[in-house]
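Data block below; observations after.
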Amino acid sequence: MFKIILFALMLTACGSTSIKNTNMEKAENMKIESPKSIHQFVVTALDGGKIDFSTLKGKKILIVNTASECGYTPQYKDLETLYNQYKDRLVIVGFPSNDFGGQEPGTNDEIKSFCTKNYSVSFPMAAKVSVKGESIAPIYQWLTQKEQNGVLDAEIKWNFNKFLLDENGIIISKFESNTTPLSKDITDKL
């Protein structure tokens with residue numbers, strides 16, 4: 001009788017281990033993939049250096065595609081004001097682009113000079129990139145494709161579209177060109 005009870009206990013123990021392992025394997029296969037972070041990117045800066053987004057962990061990030069000859073170009077002033085007002089918890093990164101109406105025809109040096117001379121821009125600026133089409137920069141592929149960012153699909157329709165990301169590098173919101181940097185739509189999320 002003792003041998004039968006011992007054998008039954010051994011079978012139960014073996015069976016529960018097998019069930020536990022099977023359940024653990026199922027749980028691993030069913031993990032919900034969390035949104036990927038922008039912190040994986042390193043881009044070339046306007047001055048030739050690097051902007052490493054992993055160094056921005058813990059701060060919100062506002063990404064803006066910019067142009068020097070656009071009707072929205074005066075937003076540089078408000079972007080600089082926003083950056084200075086919230087720099088303890090926000091980083092703005094500008095991405096010059098010539099994708100809309102040829103409104104950013106300059107070289108990186110010319111863009112840097114324009115931004116410094118006319119708007120005293122001190123927030124980080126990336127080198128000129130494409131934000132749409134076949135030559136879209138990888139960071140903009142990530143920003144505009146839900147399968148990559150895990151949050152939303154977005155279309156860049158014109159210069160000065162804005163993406164706000166949280167302290168973990170996850171997209172919070174996208175704003176169209178006509179949403180000004182100092183609008184409550186943006187500042188209320190800071």
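The way I read the labels, and the way they are meant: chains A, B, ... in the order of the structure tokens, residue 1 as the first residue of every chain, and ligand 1 as the first ligand shown, with later ones counted on from there.
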Practice task
Name the residues in contact with A:Asp153 at a cut-off of 8 Å, using only C-alpha atoms, excluding same-chain residues fewer than 5 positions from it; report them as an MDAnalysis selection string.
Solution key: chainID A and resid 143:146
Problem - stretch 159-164 of chain A surroundings by only C-alpha atoms, 10 Å radius, close-in-sequence under 6 positions cut, as JSON, numbers by chain - result: {"A": [60, 61, 62, 63, 64, 65, 66, 67, 68, 69, 70, 71, 72, 73, 75, 76, 90, 91, 92, 93, 94, 95, 96, 97, 98, 99, 100, 101, 103, 104, 131, 143, 144, 170, 171, 172, 173, 174, 175, 176, 177, 178, 179, 180, 181, 186, 189, 190]}
Enumerate, in order of chain and increasing residue number, the residues of stretch 125-148 of chain A with an atom no farther than 8 Å from stretch 38-44 of chain A, each with its shortest atom pair and distance in Å to one decimal, counting only C-alpha atoms, as JSON lines.
{"residue": "A:Ala126", "atom": "CA", "partner": "A:Thr44", "partner_atom": "CA", "distance": 5.8}
{"residue": "A:Ala127", "atom": "CA", "partner": "A:Thr44", "partner_atom": "CA", "distance": 5.6}
{"residue": "A:Ile139", "atom": "CA", "partner": "A:Phe41", "partner_atom": "CA", "distance": 6.9}
{"residue": "A:Trp142", "atom": "CA", "partner": "A:Ile38", "partner_atom": "CA", "distance": 7.9}
Using C-alpha atoms, can you write the selected residues to a file as a compact mmCIF listing (two decimals), in the first residue's frame?
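Writing done, so here's out-v9.txt:
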# COMPACT_ATOMS: atom_id res chain seq x y z
CA ALA A 126 19.58 66.63 -36.40
CA ALA A 127 21.14 66.65 -39.84
CA ILE A 139 13.71 57.27 -36.99
CA TRP A 142 9.68 54.28 -36.45
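Closest approach to A:Phe53 among A:Gly150, A:Gly133, A:Pro124, A:Gly106 is made by A:Pro124 (distances from only C-alpha atoms).
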Exercise for the section: List every residue of chain A that DSSP, applied to the backbone, labels as strand (DSSP E), and write the result as a PyMOL selection string. Expected result: chain A and resi 42-44+50-52+60-66+90-96+162-165+171-175
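Our summary of the geometry notes that atom CA of A:Tyr140 is positioned 9.1 Å from atom CA of A:Ile156.
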Practice task
Tell me, as a list of chain:residue names, which residues lie within 7 Å of A:Asn168, counting only C-alpha atoms; anything in the same chain fewer than 5 positions away does not count.
Solution key: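 Residues near the query, excluding close chain neighbours: A:Ser37, A:Lys57, A:Gly58.
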Practice task
Run DSSP on the backbone and give me the residues of chain A it puts in helix (DSSP H, G or I), as JSON, numbers by chain.
Solution key: {"A": [2, 3, 4, 5, 6, 7, 8, 9, 10, 11, 12, 13, 14, 15, 16, 17, 18, 19, 20, 21, 22, 23, 24, 25, 26, 27, 28, 29, 38, 39, 40, 53, 54, 55, 56, 75, 76, 77, 78, 79, 80, 81, 82, 83, 84, 85, 86, 108, 109, 110, 111, 112, 113, 114, 115, 116, 117, 118, 119, 138, 139, 140, 141, 142, 143, 144, 146, 147, 148, 149, 184, 185, 186, 187]}
Exercise for the section: Measuring atom to atom with only C-alpha atoms, identify which of A:Asp166, A:Glu80, A:Pro138, A:Glu155 is nearest to A:Asn118. Expected result: A:Glu80
Problem - For A:Val129, the nearest of the candidates A:Thr187, A:Thr116, A:Thr107, A:Asn149, counting only C-alpha atoms - result: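 Going through A:Thr187, A:Thr116, A:Thr107, A:Asn149 one by one, the smallest distance to A:Val129 is for A:Thr107.
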Handout entry: Pick from A:Lys184, A:Glu167, A:Pro105, A:Val151 nearest to A:Asp88, counting only C-alpha atoms
Key =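 Of A:Lys184, A:Glu167, A:Pro105, A:Val151, the one nearest A:Asp88, counting only C-alpha atoms, is A:Glu167.
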Completion exercise
Counting only C-alpha atoms, closest pick from A:Asp188, A:Asp47, A:Pro74, A:Tyr83 relative to A:Phe123 is A:Tyr83
Exercise for the section: Rounded to one decimal place, report the atom CA of A:Lys157-atom CA of A:Ile51 distance in Å. Expected result: 24.7 Å
Exercise for the section: Have a look at atom CA of A:Lys59 and atom CA of A:Arg89 and let me know their distance in Å, one decimal. Expected result: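 Pair atom CA of A:Lys59 / atom CA of A:Arg89 returns 4.8 Å.
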